[in-house]
file input29.txt (compact mmCIF, N, CA and C atoms)
# COMPACT_ATOMS: atom_id res chain seq x y z
N ALA A 26 115.39 111.06 112.23
CA ALA A 26 114.46 110.84 113.31
C ALA A 26 115.18 110.93 114.66
N GLN A 27 116.40 110.41 114.71
CA GLN A 27 117.13 110.45 115.97
C GLN A 27 117.43 111.89 116.38
N LEU A 28 117.81 112.74 115.43
CA LEU A 28 118.09 114.14 115.76
C LEU A 28 116.83 114.85 116.25
N ILE A 29 115.71 114.56 115.65
CA ILE A 29 114.45 115.17 116.10
C ILE A 29 114.13 114.73 117.52
N LYS A 30 114.23 113.45 117.77
CA LYS A 30 113.89 112.91 119.09
C LYS A 30 114.89 113.32 120.16
N MET A 31 116.12 113.66 119.77
CA MET A 31 117.11 114.17 120.73
C MET A 31 116.80 115.60 121.15
N GLU A 32 115.93 116.27 120.38
CA GLU A 32 115.59 117.67 120.61
C GLU A 32 116.86 118.52 120.71
N ALA A 33 117.72 118.35 119.72
CA ALA A 33 119.01 119.04 119.68
C ALA A 33 118.91 120.42 119.03
N GLY A 34 117.70 120.85 118.69
CA GLY A 34 117.54 122.17 118.08
C GLY A 34 117.52 122.13 116.56
N LEU A 35 117.35 120.97 115.99
CA LEU A 35 117.29 120.84 114.53
C LEU A 35 116.13 121.65 113.98
N ARG A 36 116.42 122.47 112.96
CA ARG A 36 115.39 123.31 112.35
C ARG A 36 115.11 122.89 110.92
N VAL A 37 116.14 122.48 110.19
CA VAL A 37 115.99 122.07 108.79
C VAL A 37 116.98 120.93 108.52
N ALA A 38 116.51 119.95 107.76
CA ALA A 38 117.39 118.86 107.33
C ALA A 38 116.99 118.46 105.92
N THR A 39 117.94 117.96 105.17
CA THR A 39 117.65 117.48 103.82
C THR A 39 118.17 116.05 103.67
N VAL A 40 117.48 115.31 102.81
CA VAL A 40 117.89 113.95 102.47
C VAL A 40 117.76 113.81 100.97
N ASP A 41 118.74 113.19 100.34
CA ASP A 41 118.69 112.95 98.89
C ASP A 41 118.23 111.51 98.66
N PHE A 42 117.21 111.36 97.84
CA PHE A 42 116.69 110.05 97.47
C PHE A 42 116.71 109.99 95.95
N GLY A 43 117.84 109.63 95.39
CA GLY A 43 118.05 109.70 93.95
C GLY A 43 117.37 108.60 93.16
N GLY A 44 117.58 108.65 91.85
CA GLY A 44 117.08 107.61 90.97
C GLY A 44 115.83 107.97 90.20
N TRP A 45 115.50 109.25 90.14
CA TRP A 45 114.25 109.67 89.51
C TRP A 45 114.42 110.13 88.06
N ASP A 46 115.62 110.14 87.55
CA ASP A 46 115.87 110.63 86.19
C ASP A 46 115.57 109.50 85.20
N MET A 47 114.30 109.32 84.90
CA MET A 47 113.83 108.17 84.12
C MET A 47 113.53 108.55 82.68
N HIS A 48 114.56 108.55 81.87
CA HIS A 48 114.39 108.88 80.45
C HIS A 48 113.91 107.69 79.64
N GLU A 49 113.89 106.51 80.25
CA GLU A 49 113.42 105.33 79.54
C GLU A 49 112.80 104.34 80.53
N ASN A 50 111.88 103.52 80.02
CA ASN A 50 111.23 102.46 80.80
C ASN A 50 110.62 102.95 82.11
N GLN A 51 110.05 104.13 82.10
CA GLN A 51 109.51 104.72 83.32
C GLN A 51 108.36 103.91 83.90
N SER A 52 107.56 103.28 83.07
CA SER A 52 106.42 102.52 83.59
C SER A 52 106.86 101.32 84.43
N TRP A 53 108.09 100.84 84.24
CA TRP A 53 108.62 99.74 85.05
C TRP A 53 109.40 100.27 86.24
N LEU A 54 110.15 101.35 86.04
CA LEU A 54 111.03 101.86 87.08
C LEU A 54 110.30 102.68 88.15
N PHE A 55 109.32 103.49 87.72
CA PHE A 55 108.66 104.41 88.64
C PHE A 55 107.94 103.69 89.79
N PRO A 56 107.17 102.61 89.53
CA PRO A 56 106.49 101.95 90.65
C PRO A 56 107.44 101.46 91.74
N VAL A 57 108.60 100.96 91.36
CA VAL A 57 109.58 100.48 92.34
C VAL A 57 110.14 101.66 93.13
N GLN A 58 110.44 102.74 92.43
CA GLN A 58 111.01 103.93 93.07
C GLN A 58 110.01 104.57 94.03
N ILE A 59 108.76 104.69 93.60
CA ILE A 59 107.75 105.35 94.45
C ILE A 59 107.40 104.48 95.65
N GLU A 60 107.48 103.17 95.49
CA GLU A 60 107.26 102.26 96.63
C GLU A 60 108.36 102.46 97.68
N GLY A 61 109.60 102.59 97.24
CA GLY A 61 110.70 102.85 98.17
C GLY A 61 110.53 104.17 98.90
N LEU A 62 110.12 105.20 98.18
CA LEU A 62 109.87 106.49 98.80
C LEU A 62 108.73 106.40 99.81
N SER A 63 107.66 105.75 99.41
CA SER A 63 106.49 105.61 100.29
C SER A 63 106.85 104.87 101.57
N GLN A 64 107.57 103.77 101.45
CA GLN A 64 107.96 102.99 102.63
C GLN A 64 108.89 103.80 103.54
N SER A 65 109.80 104.55 102.94
CA SER A 65 110.73 105.36 103.72
C SER A 65 110.01 106.47 104.47
N LEU A 66 109.09 107.14 103.78
CA LEU A 66 108.32 108.20 104.44
C LEU A 66 107.46 107.64 105.57
N MET A 67 106.84 106.50 105.34
CA MET A 67 106.00 105.89 106.38
C MET A 67 106.84 105.51 107.60
N ALA A 68 107.99 104.91 107.38
CA ALA A 68 108.85 104.52 108.50
C ALA A 68 109.31 105.76 109.29
N PHE A 69 109.73 106.79 108.57
CA PHE A 69 110.18 108.02 109.23
C PHE A 69 109.04 108.67 110.01
N TYR A 70 107.88 108.82 109.37
CA TYR A 70 106.74 109.49 110.02
C TYR A 70 106.27 108.70 111.25
N ASN A 71 106.25 107.38 111.16
CA ASN A 71 105.88 106.57 112.31
C ASN A 71 106.90 106.69 113.43
N ASP A 72 108.16 106.84 113.08
CA ASP A 72 109.23 106.95 114.08
C ASP A 72 109.16 108.27 114.85
N ILE A 73 108.62 109.31 114.24
CA ILE A 73 108.55 110.61 114.92
C ILE A 73 107.11 110.95 115.32
N GLN A 74 106.34 109.96 115.65
CA GLN A 74 104.92 110.14 115.95
C GLN A 74 104.65 111.24 116.98
N ALA A 75 105.46 111.35 118.00
CA ALA A 75 105.25 112.36 119.05
C ALA A 75 105.52 113.77 118.55
N TYR A 76 106.10 113.92 117.35
CA TYR A 76 106.49 115.23 116.83
C TYR A 76 105.69 115.65 115.60
N HIS A 77 104.62 114.96 115.28
CA HIS A 77 103.86 115.26 114.06
C HIS A 77 103.42 116.71 113.96
N ASN A 78 103.07 117.34 115.06
CA ASN A 78 102.63 118.74 115.00
C ASN A 78 103.78 119.73 114.97
N ARG A 79 105.02 119.23 115.06
CA ARG A 79 106.19 120.12 115.05
C ARG A 79 107.06 119.92 113.82
N VAL A 80 106.73 118.93 112.99
CA VAL A 80 107.56 118.59 111.83
C VAL A 80 106.72 118.67 110.56
N THR A 81 107.27 119.29 109.53
CA THR A 81 106.66 119.30 108.20
C THR A 81 107.67 118.70 107.23
N ILE A 82 107.24 117.72 106.47
CA ILE A 82 108.08 117.05 105.49
C ILE A 82 107.67 117.51 104.11
N VAL A 83 108.63 117.96 103.32
CA VAL A 83 108.37 118.39 101.94
C VAL A 83 109.18 117.49 101.02
N VAL A 84 108.50 116.85 100.09
CA VAL A 84 109.15 116.00 99.09
C VAL A 84 109.11 116.76 97.78
N MET A 85 110.28 116.99 97.20
CA MET A 85 110.34 117.78 95.97
C MET A 85 111.45 117.30 95.07
N SER A 86 111.38 117.72 93.83
CA SER A 86 112.42 117.44 92.86
C SER A 86 113.08 118.75 92.45
N GLU A 87 114.33 118.66 92.03
CA GLU A 87 115.02 119.89 91.62
C GLU A 87 114.74 120.25 90.17
N PHE A 88 114.04 119.40 89.43
CA PHE A 88 113.67 119.75 88.06
C PHE A 88 112.34 119.10 87.70
N GLY A 89 111.66 119.67 86.73
CA GLY A 89 110.36 119.17 86.30
C GLY A 89 110.47 118.11 85.23
N ARG A 90 109.33 117.63 84.82
CA ARG A 90 109.23 116.60 83.80
C ARG A 90 108.14 116.97 82.80
N ARG A 91 108.30 116.48 81.59
CA ARG A 91 107.25 116.62 80.59
C ARG A 91 106.16 115.61 80.89
N LEU A 92 104.93 115.89 80.48
CA LEU A 92 103.84 114.95 80.70
C LEU A 92 103.86 113.80 79.71
N LYS A 93 104.21 114.07 78.47
CA LYS A 93 104.16 113.07 77.42
C LYS A 93 105.43 112.22 77.41
N ALA A 94 105.24 110.90 77.27
CA ALA A 94 106.38 109.99 77.22
C ALA A 94 107.18 110.19 75.94
N ASN A 95 108.48 109.91 76.02
CA ASN A 95 109.33 109.96 74.84
C ASN A 95 109.32 108.59 74.14
N LYS A 96 110.10 108.42 73.09
CA LYS A 96 110.11 107.16 72.33
C LYS A 96 110.72 106.00 73.12
N SER A 97 111.41 106.29 74.21
CA SER A 97 112.00 105.25 75.05
C SER A 97 111.12 104.90 76.25
N HIS A 98 109.88 105.40 76.21
CA HIS A 98 108.90 105.14 77.29
C HIS A 98 109.34 105.74 78.62
N GLY A 99 109.93 106.91 78.55
CA GLY A 99 110.32 107.66 79.74
C GLY A 99 109.86 109.09 79.58
N THR A 100 110.31 109.95 80.45
CA THR A 100 109.97 111.37 80.34
C THR A 100 111.24 112.20 80.37
N ASP A 101 111.23 113.25 79.60
CA ASP A 101 112.37 114.15 79.53
C ASP A 101 112.15 115.34 80.45
N HIS A 102 113.20 116.10 80.68
CA HIS A 102 113.12 117.28 81.53
C HIS A 102 112.11 118.26 80.94
N GLY A 103 111.37 118.91 81.82
CA GLY A 103 110.37 119.86 81.39
C GLY A 103 110.09 120.86 82.49
N TYR A 104 108.86 121.35 82.53
CA TYR A 104 108.50 122.40 83.49
C TYR A 104 107.51 121.95 84.55
N GLY A 105 106.81 120.84 84.33
CA GLY A 105 105.83 120.36 85.30
C GLY A 105 106.49 119.70 86.49
N ASN A 106 105.95 119.93 87.67
CA ASN A 106 106.52 119.37 88.88
C ASN A 106 105.45 119.29 89.95
N ALA A 107 105.69 118.49 90.95
CA ALA A 107 104.76 118.36 92.07
C ALA A 107 105.55 118.32 93.36
N LEU A 108 104.94 118.79 94.42
CA LEU A 108 105.50 118.71 95.76
C LEU A 108 104.53 117.91 96.62
N LEU A 109 105.06 117.12 97.52
CA LEU A 109 104.25 116.43 98.51
C LEU A 109 104.58 117.04 99.87
N VAL A 110 103.56 117.28 100.68
CA VAL A 110 103.78 117.85 102.00
C VAL A 110 103.07 116.98 103.03
N LEU A 111 103.78 116.64 104.10
CA LEU A 111 103.28 115.73 105.12
C LEU A 111 103.57 116.32 106.49
N GLY A 112 102.59 116.31 107.36
CA GLY A 112 102.79 116.81 108.71
C GLY A 112 101.48 116.98 109.43
N GLY A 113 101.55 117.04 110.74
CA GLY A 113 100.35 117.15 111.56
C GLY A 113 99.57 118.43 111.36
N LYS A 114 100.21 119.49 110.93
CA LYS A 114 99.52 120.77 110.72
C LYS A 114 99.22 121.05 109.25
N VAL A 115 99.47 120.07 108.38
CA VAL A 115 99.21 120.24 106.95
C VAL A 115 97.71 120.05 106.70
N LYS A 116 97.11 121.00 105.99
CA LYS A 116 95.71 120.88 105.60
C LYS A 116 95.65 120.11 104.30
N GLY A 117 95.58 118.80 104.39
CA GLY A 117 95.65 117.93 103.22
C GLY A 117 94.30 117.68 102.59
N GLY A 118 94.30 116.69 101.71
CA GLY A 118 93.08 116.28 101.05
C GLY A 118 92.74 117.11 99.83
N ALA A 119 93.66 117.94 99.36
CA ALA A 119 93.39 118.79 98.21
C ALA A 119 94.68 119.00 97.44
N MET A 120 94.51 119.41 96.19
CA MET A 120 95.66 119.81 95.37
C MET A 120 95.68 121.32 95.32
N TYR A 121 96.84 121.90 95.50
CA TYR A 121 96.99 123.34 95.46
C TYR A 121 97.92 123.70 94.30
N GLY A 122 97.69 124.79 93.67
CA GLY A 122 98.54 125.17 92.56
C GLY A 122 98.68 126.66 92.44
call {"tool": "encode", "arguments": {"input": "input29.txt", "output": "structure tokens"}}
result
Amino acid sequence: AQLIKMEAGLRVATVDFGGWDMHENQSWLFPVQIEGLSQSLMAFYNDIQAYHNRVTIVVMSEFGRRLKANKSHGTDHGYGNALLVLGGKVKGGAMYG
């Protein structure tokens, strides 16, 4: 947020938010992890309020997951994945595929 507000010419930035490899106990771990992500995105988006029409945030994973839980109540690597997109120019309210 500081780099954006400095208007230093930032065009692309990445942030790693690990801890998503949930091969077991996903029903307990996922809510805590998604709450942390949600709070972080909200804080960041509120901090750059004046730049909403100039910034697009993409939340993605580098690998997919299976839909069906394994015997350890988690999910294994698979092909399904989702992206979240946030920004003032994003046409939201729908799922695209």
call {"tool": "closest_residue", "arguments": {"input": "input29.txt", "among": "A:Asn78, A:Ser86, A:Asn71, A:Gln58", "to": "Lys114 of chain A", "atoms": "only C-alpha atoms"}}
result
A:Asn78
call {"tool": "residues_around", "arguments": {"input": "input29.txt", "residues": "segment 95-98 of chain A", "least_positions_apart": "4", "cutoff": "6 Å", "atoms": "only N, CA and C atoms", "output": "short mmCIF file (atom, residue, chain, number, x, y, z; two decimals) with N, CA and C atoms, in the frame of the given file"}}
result
data_model
loop_
_atom_site.label_atom_id
_atom_site.label_comp_id
_atom_site.auth_asym_id
_atom_site.auth_seq_id
_atom_site.Cartn_x
_atom_site.Cartn_y
_atom_site.Cartn_z
N HIS A 48 114.56 108.55 81.87
CA HIS A 48 114.39 108.88 80.45
C HIS A 48 113.91 107.69 79.64
N GLU A 49 113.89 106.51 80.25
CA GLU A 49 113.42 105.33 79.54
C GLU A 49 112.80 104.34 80.53
N ASN A 50 111.88 103.52 80.02
CA ASN A 50 111.23 102.46 80.80
C ASN A 50 110.62 102.95 82.11
N GLN A 51 110.05 104.13 82.10
CA GLN A 51 109.51 104.72 83.32
C GLN A 51 108.36 103.91 83.90
N SER A 52 107.56 103.28 83.07
CA SER A 52 106.42 102.52 83.59
C SER A 52 106.86 101.32 84.43
#
call {"tool": "atom_distance", "arguments": {"input": "input29.txt", "atom1": "atom C of Leu66 of chain A", "atom2": "atom C of Asp46 of chain A"}}
result
22.0 Å
call {"tool": "select_by_dssp", "arguments": {"input": "input29.txt", "residues": "chain A", "states": "strand (DSSP E or B)", "output": "PyMOL selection string"}}
result
chain A and resi 81-84+89-90+102-103+105+109-112
call {"tool": "select_by_dssp", "arguments": {"input": "input29.txt", "residues": "segment 26-117 of chain A", "states": "alpha helix (DSSP H)", "output": "NGL selection string"}}
result
:A and (27-31 or 51-72)
call {"tool": "atom_distance", "arguments": {"input": "input29.txt", "atom1": "atom CA of Met85 of chain A", "atom2": "atom CA of Gly103 of chain A"}}
result
14.7 Å
call {"tool": "atom_distance", "arguments": {"input": "input29.txt", "atom1": "atom CA of His77 of chain A", "atom2": "atom CA of Arg36 of chain A"}}
result
14.2 Å
call {"tool": "residues_near_point", "arguments": {"input": "input29.txt", "point": "(105.1, 120.8, 109.5)", "cutoff": "7 Å", "atoms": "all atoms listed in the file", "output": "ChimeraX atom specification"}}
result
/A:77-82,111-115
call {"tool": "closest_residue", "arguments": {"input": "input29.txt", "among": "A:Gln27, A:Glu87, A:Met47, A:Leu62", "to": "Thr100 of chain A", "atoms": "all atoms listed in the file"}}
result
A:Met47
call {"tool": "closest_residue", "arguments": {"input": "input29.txt", "among": "A:Val84, A:Ala26, A:Leu109, A:Ala119", "to": "Phe69 of chain A", "atoms": "only C-alpha atoms"}}
result
A:Ala26
call {"tool": "closest_residue", "arguments": {"input": "input29.txt", "among": "A:Gly89, A:Pro56, A:Gly44, A:Gly117", "to": "His102 of chain A", "atoms": "only C-alpha atoms"}}
result
A:Gly89
call {"tool": "closest_residue", "arguments": {"input": "input29.txt", "among": "A:Trp53, A:Tyr76, A:Tyr121, A:Phe88", "to": "Asn106 of chain A", "atoms": "only C-alpha atoms"}}
result
A:Phe88
call {"tool": "decode", "arguments": {"input": "input29.txt", "residues": "segment 29-57 of chain A", "atoms": "N, CA, C and O atoms", "output": "tab-separated table (two decimals), in the first residue's frame"}}
result
chain	number	residue	atom	x	y	z
A	29	ILE	N	2.16	1.97	-3.50
A	29	ILE	CA	1.10	2.51	-4.36
A	29	ILE	C	0.87	3.98	-4.04
A	29	ILE	O	0.81	4.83	-4.94
A	30	LYS	N	0.76	4.30	-2.77
A	30	LYS	CA	0.48	5.68	-2.37
A	30	LYS	C	1.66	6.61	-2.62
A	30	LYS	O	1.47	7.81	-2.77
A	31	MET	N	2.87	6.07	-2.71
A	31	MET	CA	4.04	6.89	-3.06
A	31	MET	C	4.05	7.25	-4.54
A	31	MET	O	4.78	8.14	-4.96
A	32	GLU	N	3.23	6.54	-5.33
A	32	GLU	CA	3.18	6.72	-6.78
A	32	GLU	C	4.58	6.64	-7.38
A	32	GLU	O	4.99	7.48	-8.18
A	33	ALA	N	5.28	5.57	-7.01
A	33	ALA	CA	6.66	5.36	-7.45
A	33	ALA	C	6.74	4.64	-8.80
A	33	ALA	O	7.82	4.28	-9.23
A	34	GLY	N	5.59	4.40	-9.44
A	34	GLY	CA	5.60	3.73	-10.73
A	34	GLY	C	5.40	2.23	-10.64
A	34	GLY	O	5.64	1.51	-11.61
A	35	LEU	N	4.96	1.75	-9.51
A	35	LEU	CA	4.71	0.32	-9.33
A	35	LEU	C	3.66	-0.16	-10.33
A	35	LEU	O	2.61	0.43	-10.48
A	36	ARG	N	3.98	-1.25	-11.04
A	36	ARG	CA	3.05	-1.79	-12.03
A	36	ARG	C	2.54	-3.16	-11.61
A	36	ARG	O	1.40	-3.50	-11.87
A	37	VAL	N	3.39	-3.97	-10.99
A	37	VAL	CA	3.01	-5.31	-10.56
A	37	VAL	C	3.73	-5.62	-9.25
A	37	VAL	O	4.90	-5.29	-9.10
A	38	ALA	N	3.02	-6.27	-8.34
A	38	ALA	CA	3.63	-6.72	-7.09
A	38	ALA	C	3.00	-8.06	-6.72
A	38	ALA	O	1.87	-8.34	-7.09
A	39	THR	N	3.75	-8.88	-6.02
A	39	THR	CA	3.22	-10.16	-5.55
A	39	THR	C	3.46	-10.28	-4.05
A	39	THR	O	4.40	-9.73	-3.51
A	40	VAL	N	2.56	-11.01	-3.42
A	40	VAL	CA	2.67	-11.30	-1.99
A	40	VAL	C	2.34	-12.78	-1.81
A	40	VAL	O	1.40	-13.30	-2.41
A	41	ASP	N	3.12	-13.47	-1.00
A	41	ASP	CA	2.86	-14.88	-0.71
A	41	ASP	C	2.13	-14.98	0.62
A	41	ASP	O	2.56	-14.43	1.62
A	42	PHE	N	1.00	-15.68	0.61
A	42	PHE	CA	0.22	-15.91	1.82
A	42	PHE	C	0.05	-17.42	1.93
A	42	PHE	O	-0.91	-18.00	1.44
A	43	GLY	N	1.03	-18.07	2.52
A	43	GLY	CA	1.08	-19.53	2.54
A	43	GLY	C	0.12	-20.17	3.53
A	43	GLY	O	-0.64	-19.52	4.23
A	44	GLY	N	0.20	-21.50	3.57
A	44	GLY	CA	-0.58	-22.26	4.53
A	44	GLY	C	-1.83	-22.92	3.98
A	44	GLY	O	-2.71	-23.34	4.74
A	45	TRP	N	-1.93	-23.02	2.67
A	45	TRP	CA	-3.15	-23.53	2.04
A	45	TRP	C	-3.07	-25.01	1.68
A	45	TRP	O	-4.03	-25.58	1.20
A	46	ASP	N	-1.94	-25.66	1.91
A	46	ASP	CA	-1.77	-27.06	1.53
A	46	ASP	C	-2.38	-27.95	2.62
A	46	ASP	O	-1.69	-28.45	3.50
A	47	MET	N	-3.69	-28.10	2.58
A	47	MET	CA	-4.45	-28.75	3.65
A	47	MET	C	-4.84	-30.18	3.27
A	47	MET	O	-5.94	-30.44	2.83
A	48	HIS	N	-3.92	-31.09	3.49
A	48	HIS	CA	-4.19	-32.49	3.20
A	48	HIS	C	-4.97	-33.18	4.31
A	48	HIS	O	-5.41	-34.31	4.15
A	49	GLU	N	-5.13	-32.50	5.44
A	49	GLU	CA	-5.88	-33.08	6.54
A	49	GLU	C	-6.56	-31.97	7.36
A	49	GLU	O	-6.11	-30.83	7.36
A	50	ASN	N	-7.66	-32.34	8.01
A	50	ASN	CA	-8.40	-31.43	8.90
A	50	ASN	C	-8.75	-30.10	8.25
A	50	ASN	O	-8.74	-29.06	8.90
A	51	GLN	N	-9.09	-30.12	6.99
A	51	GLN	CA	-9.37	-28.88	6.26
A	51	GLN	C	-10.58	-28.13	6.82
A	51	GLN	O	-10.59	-26.91	6.83
A	52	SER	N	-11.57	-28.84	7.32
A	52	SER	CA	-12.77	-28.16	7.84
A	52	SER	C	-12.45	-27.30	9.06
A	52	SER	O	-13.17	-26.37	9.37
A	53	TRP	N	-11.36	-27.59	9.78
A	53	TRP	CA	-10.95	-26.78	10.92
A	53	TRP	C	-9.95	-25.71	10.50
A	53	TRP	O	-9.97	-24.60	11.01
A	54	LEU	N	-9.05	-26.05	9.58
A	54	LEU	CA	-7.98	-25.14	9.20
A	54	LEU	C	-8.42	-24.06	8.22
A	54	LEU	O	-7.99	-22.91	8.31
A	55	PHE	N	-9.28	-24.43	7.27
A	55	PHE	CA	-9.66	-23.49	6.21
A	55	PHE	C	-10.36	-22.24	6.73
A	55	PHE	O	-10.02	-21.13	6.29
A	56	PRO	N	-11.33	-22.35	7.66
A	56	PRO	CA	-11.99	-21.13	8.13
A	56	PRO	C	-11.02	-20.11	8.75
A	56	PRO	O	-11.16	-18.90	8.54
A	57	VAL	N	-10.02	-20.58	9.48
A	57	VAL	CA	-9.04	-19.69	10.08
A	57	VAL	C	-8.19	-19.03	9.00
A	57	VAL	O	-7.94	-17.82	9.03
